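Coordinates as given in query.txt (compact mmCIF, C-alpha atoms):
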# COMPACT_ATOMS: atom_id res chain seq x y z
CA MET A 358 -0.96 12.35 7.59
CA PRO A 359 -4.43 12.67 6.00
CA GLY A 360 -2.95 14.66 3.09
CA PHE A 361 -0.72 11.75 2.09
CA MET A 362 -3.61 9.29 2.36
CA ASP A 363 -5.59 11.62 0.07
CA ILE A 364 -2.87 11.08 -2.56
CA ALA A 365 -3.12 7.31 -2.09
CA LEU A 366 -6.90 7.51 -2.47
CA LYS A 367 -6.50 9.49 -5.72
CA GLU A 368 -4.15 6.78 -6.98
CA ALA A 369 -6.80 4.20 -6.05
CA GLN A 370 -9.43 6.12 -8.02
CA SER A 371 -7.08 6.30 -11.01
CA ALA A 372 -6.55 2.54 -10.78
CA ALA A 373 -10.33 2.02 -10.78
CA ALA A 374 -10.65 4.21 -13.86
CA ARG A 375 -8.16 1.88 -15.61
CA GLY A 376 -10.22 -1.15 -14.59
CA GLU A 377 -7.74 -2.19 -11.90
CA VAL A 378 -8.69 -3.06 -8.32
CA PRO A 379 -8.64 0.40 -6.70
CA VAL A 380 -5.63 0.42 -4.42
CA GLY A 381 -3.23 3.34 -4.19
CA ALA A 382 0.04 3.81 -2.31
CA VAL A 383 2.44 6.65 -1.51
CA VAL A 384 5.97 6.55 -0.06
CA VAL A 385 6.95 9.63 1.95
CA ARG A 386 10.13 10.77 3.68
CA ASP A 387 10.49 14.01 5.63
CA SER A 388 7.04 15.14 4.40
CA VAL A 389 8.14 14.75 0.77
CA VAL A 390 6.38 12.32 -1.57
CA LEU A 391 9.04 10.07 -3.11
CA ALA A 392 6.64 7.92 -5.14
CA ALA A 393 2.96 7.26 -5.67
CA ALA A 394 1.29 4.43 -7.57
CA GLY A 395 -1.94 2.55 -8.12
CA ASN A 396 -2.49 -1.09 -8.98
CA ARG A 397 -1.40 -2.04 -12.53
CA THR A 398 -1.59 -5.83 -12.49
CA LEU A 399 -3.87 -6.03 -15.54
CA GLU A 400 -2.14 -3.30 -17.53
CA LEU A 401 1.33 -4.75 -17.00
CA ARG A 402 0.16 -8.38 -16.96
CA ASP A 403 2.15 -8.68 -13.75
CA PRO A 404 0.67 -10.23 -10.60
CA THR A 405 3.27 -8.37 -8.53
CA ALA A 406 2.25 -4.92 -9.82
CA HIS A 407 0.37 -4.00 -6.66
CA ALA A 408 0.31 -0.32 -5.71
CA GLU A 409 2.64 -0.89 -2.76
CA ILE A 410 5.23 -2.77 -4.81
CA LEU A 411 5.23 -0.15 -7.58
CA ALA A 412 5.53 2.73 -5.09
CA ILE A 413 8.33 0.96 -3.18
CA ARG A 414 10.24 0.26 -6.43
CA ALA A 415 9.93 3.87 -7.57
CA ALA A 416 10.94 5.25 -4.16
CA ALA A 417 13.97 2.94 -4.03
CA GLU A 418 14.99 4.20 -7.47
CA THR A 419 14.52 7.80 -6.31
CA VAL A 420 16.68 7.41 -3.19
CA GLY A 421 19.18 5.06 -4.84
CA SER A 422 18.81 2.30 -2.25
CA GLU A 423 16.74 -0.81 -1.63
CA ARG A 424 16.40 0.31 1.99
CA LEU A 425 13.83 3.03 2.53
CA ILE A 426 15.07 4.03 5.96
CA GLY A 427 13.00 6.81 7.53
CA CYS A 428 10.23 6.40 4.94
CA ASP A 429 6.54 5.87 5.52
CA LEU A 430 3.99 4.12 3.31
CA TYR A 431 0.37 5.21 2.97
CA VAL A 432 -1.88 2.68 1.25
CA SER A 433 -5.63 2.64 0.79
CA LEU A 434 -6.08 -1.08 1.60
CA GLU A 435 -4.45 -3.41 4.12
CA PRO A 436 -1.43 -4.95 2.36
CA CYS A 437 -1.38 -8.60 1.29
CA ALA A 438 1.39 -11.02 2.32
CA MET A 439 3.52 -10.19 -0.74
CA CYS A 440 3.33 -6.47 -0.07
CA ALA A 441 3.90 -6.91 3.67
CA GLY A 442 7.08 -8.80 2.80
CA ALA A 443 8.24 -5.99 0.53
CA ILE A 444 7.46 -3.42 3.24
CA SER A 445 9.59 -5.41 5.68
CA PHE A 446 12.50 -5.88 3.26
CA ALA A 447 12.42 -2.18 2.34
CA ARG A 448 12.69 -1.34 6.05
CA LEU A 449 9.83 1.16 5.88
CA ARG A 450 9.44 2.99 9.17
CA ARG A 451 5.66 3.30 9.31
CA LEU A 452 2.68 1.84 7.49
CA TYR A 453 -0.60 3.76 7.36
CA TYR A 454 -3.50 1.99 5.71
CA GLY A 455 -7.15 2.73 5.12
CA ALA A 456 -9.58 -0.14 4.71
CA ALA A 457 -9.06 -3.48 6.41
CA ASP A 458 -8.98 -6.54 4.14
CA GLU A 459 -10.32 -9.52 6.07
CA LYS A 460 -9.94 -11.82 3.06
CA GLY A 461 -6.53 -10.88 1.64
CA GLY A 462 -4.91 -8.62 4.21
CA ALA A 463 -1.80 -9.86 5.97
CA VAL A 464 -1.07 -7.12 8.49
CA GLU A 465 -3.87 -7.36 11.05
CA HIS A 466 -5.67 -10.29 9.41
CA ASN A 467 -4.76 -13.81 8.29
CA VAL A 468 -0.98 -14.44 8.48
CA ARG A 469 -0.23 -11.19 10.39
CA PHE A 470 3.11 -11.02 8.62
CA PHE A 471 4.80 -8.45 10.87
CA ALA A 472 4.11 -10.57 13.97
CA SER A 473 5.59 -13.73 12.45
CA PRO A 474 8.98 -15.03 13.61
CA GLY A 475 10.33 -14.90 10.04
CA CYS A 476 9.74 -11.15 9.74
CA HIS A 477 13.07 -9.32 9.91
CA HIS A 478 11.64 -5.80 10.25
CA ALA A 479 8.19 -4.65 11.30
CA PRO A 480 7.07 -1.06 10.73
CA GLU A 481 4.84 0.84 13.11
CA VAL A 482 1.31 0.20 11.84
CA TYR A 483 -1.60 2.64 11.86
CA SER A 484 -4.88 1.39 10.42
CA GLY A 485 -8.16 3.08 9.59
CA ILE A 486 -6.64 6.23 8.04
CA GLY A 487 -9.13 7.30 5.37
CA GLU A 488 -10.97 4.03 5.92
CA SER A 489 -14.46 5.21 4.96
CA GLU A 490 -13.34 6.75 1.64
CA ALA A 491 -11.14 3.75 0.81
CA GLY A 492 -14.06 1.43 1.54
CA ARG A 493 -16.41 3.53 -0.57
CA ILE A 494 -14.05 3.41 -3.56
CA LEU A 495 -13.66 -0.37 -3.28
CA LYS A 496 -17.39 -1.03 -2.84
CA ALA A 497 -18.30 1.16 -5.82
CA PHE A 498 -15.71 -0.60 -7.99
CA PHE A 499 -16.96 -4.09 -7.18
CA ALA A 500 -20.65 -3.08 -7.34
CA GLU A 501 -20.11 -2.03 -10.98
CA ARG A 502 -18.73 -5.48 -11.78
CA ARG A 503 -21.63 -7.48 -10.34
Kindly return the structure encoded in the file as structure tokens.
Amino acid sequence: MPGFMDIALKEAQSAAARGEVPVGAVVVRDSVVLAAAGNRTLELRDPTAHAEILAIRAAAETVGSERLIGCDLYVSLEPCAMCAGAISFARLRRLYYGAADEKGGAVEHNVRFFASPGCHHAPEVYSGIGESEAGRILKAFFAERR
């Protein structure tokens, strides 16, 4: 598990180097990385180009299906509502995330998407994986902008 989060953290660092909010995500099945991505909302001028969405799209292309059955997602920051919805629709098996996001997170904060009656599929959720490094990357990024 920590090895896959390390890949997500590297994607987050790459996003920061591009001037993007440093979030990285990796989709894995049977210990094989299917896709990895970092935020690209500014680069693509696309508000949906979050790391999770990009990784899910690439993994779906790789497996040839919109359903990522048996796949796990590792992401450096607690997913927002949009990304939680995509995780649910993709039928991801497990979600591992690093830093909590009290302001924008939608898994264990705010709308708690997977606990809502309208959620069709909820993955197993494991939080705090690589949390200190994810938090360090985010804090350094925003400190440079203040």
Selection: 12 Å around Arg502 of chain A, all atoms listed in the file, excl. self and same-chain fewer than 5 positions, as a list in words
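Everything that qualifies: Ala373, Gly376, Glu377, Val378, Leu495, Lys496 and Ala497 of chain A.
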To one decimal in Å, tell me the separation between atom CA of Val385 of chain A and atom CA of Asp429 of chain A.
5.2 Å
Excluding Leu366 of chain A and any residue of its chain fewer than 6 positions from it, enumerate the residues within 8 Å of it, using all atoms listed in the file, and give them as a list of chain:residue names.
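Counting only the stated atoms, we get A:Val380, A:Gly381, A:Ala382, A:Val432, A:Ser433, A:Glu490, A:Ala491.
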Please list as a PyMOL selection string every residue within 12 Å of Gly360 of chain A, counting only C-alpha atoms and excluding residues in the same chain fewer than 6 positions away.
chain A and resi 366-367+383+385+388-390+431+453+486-487
Atomic distance atom CA of His466 of chain A - atom CA of Ala447 of chain A, expressed in Å with one decimal:
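The value is 21.0 Å.
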Straight-line distance linking atom CA of Phe499 of chain A with atom CA of Leu399 of chain A, stated in Å to one decimal:
15.7 Å
Have a look at A:Ala479, A:Ile426, A:Ala457, A:Cys437 and name the one nearest to Arg386 of chain A; count all atoms listed in the file.
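Of all the options, A:Ile426 lies closest to Arg386 of chain A.
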Using all atoms listed in the file, which of the listed residues (A:Arg414, A:Arg424, A:Arg450, A:Arg469) sits closest to Ala438 of chain A?
A:Arg469
Contacts of Ala463 of chain A at 10 Å or less, counting all atoms listed in the file, minus same-chain residues fewer than 4 places along, as a ChimeraX atom specification?
/A:435-442,457-459,467-472
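With only C-alpha atoms as the atoms that count, the residue of A:Glu418, A:Pro404, A:Ser489, A:Ser473 with the shortest distance to Asp363 of chain A is A:Ser489.
Closest approach to Met362 of chain A from the set A:Cys476, A:Val384, A:Val464, A:Ala415 is made by A:Val384, with distances taken over all atoms listed in the file.
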Nearest residue to His478 of chain A from the set A:Gly455, A:Phe498, A:Ala443, A:Leu430 (distances using all atoms listed in the file):
A:Ala443
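Distance check against Gly427 of chain A using all atoms listed in the file: of A:Pro480, A:Pro379, A:Pro474, A:Gly492, the minimum falls on A:Pro480.
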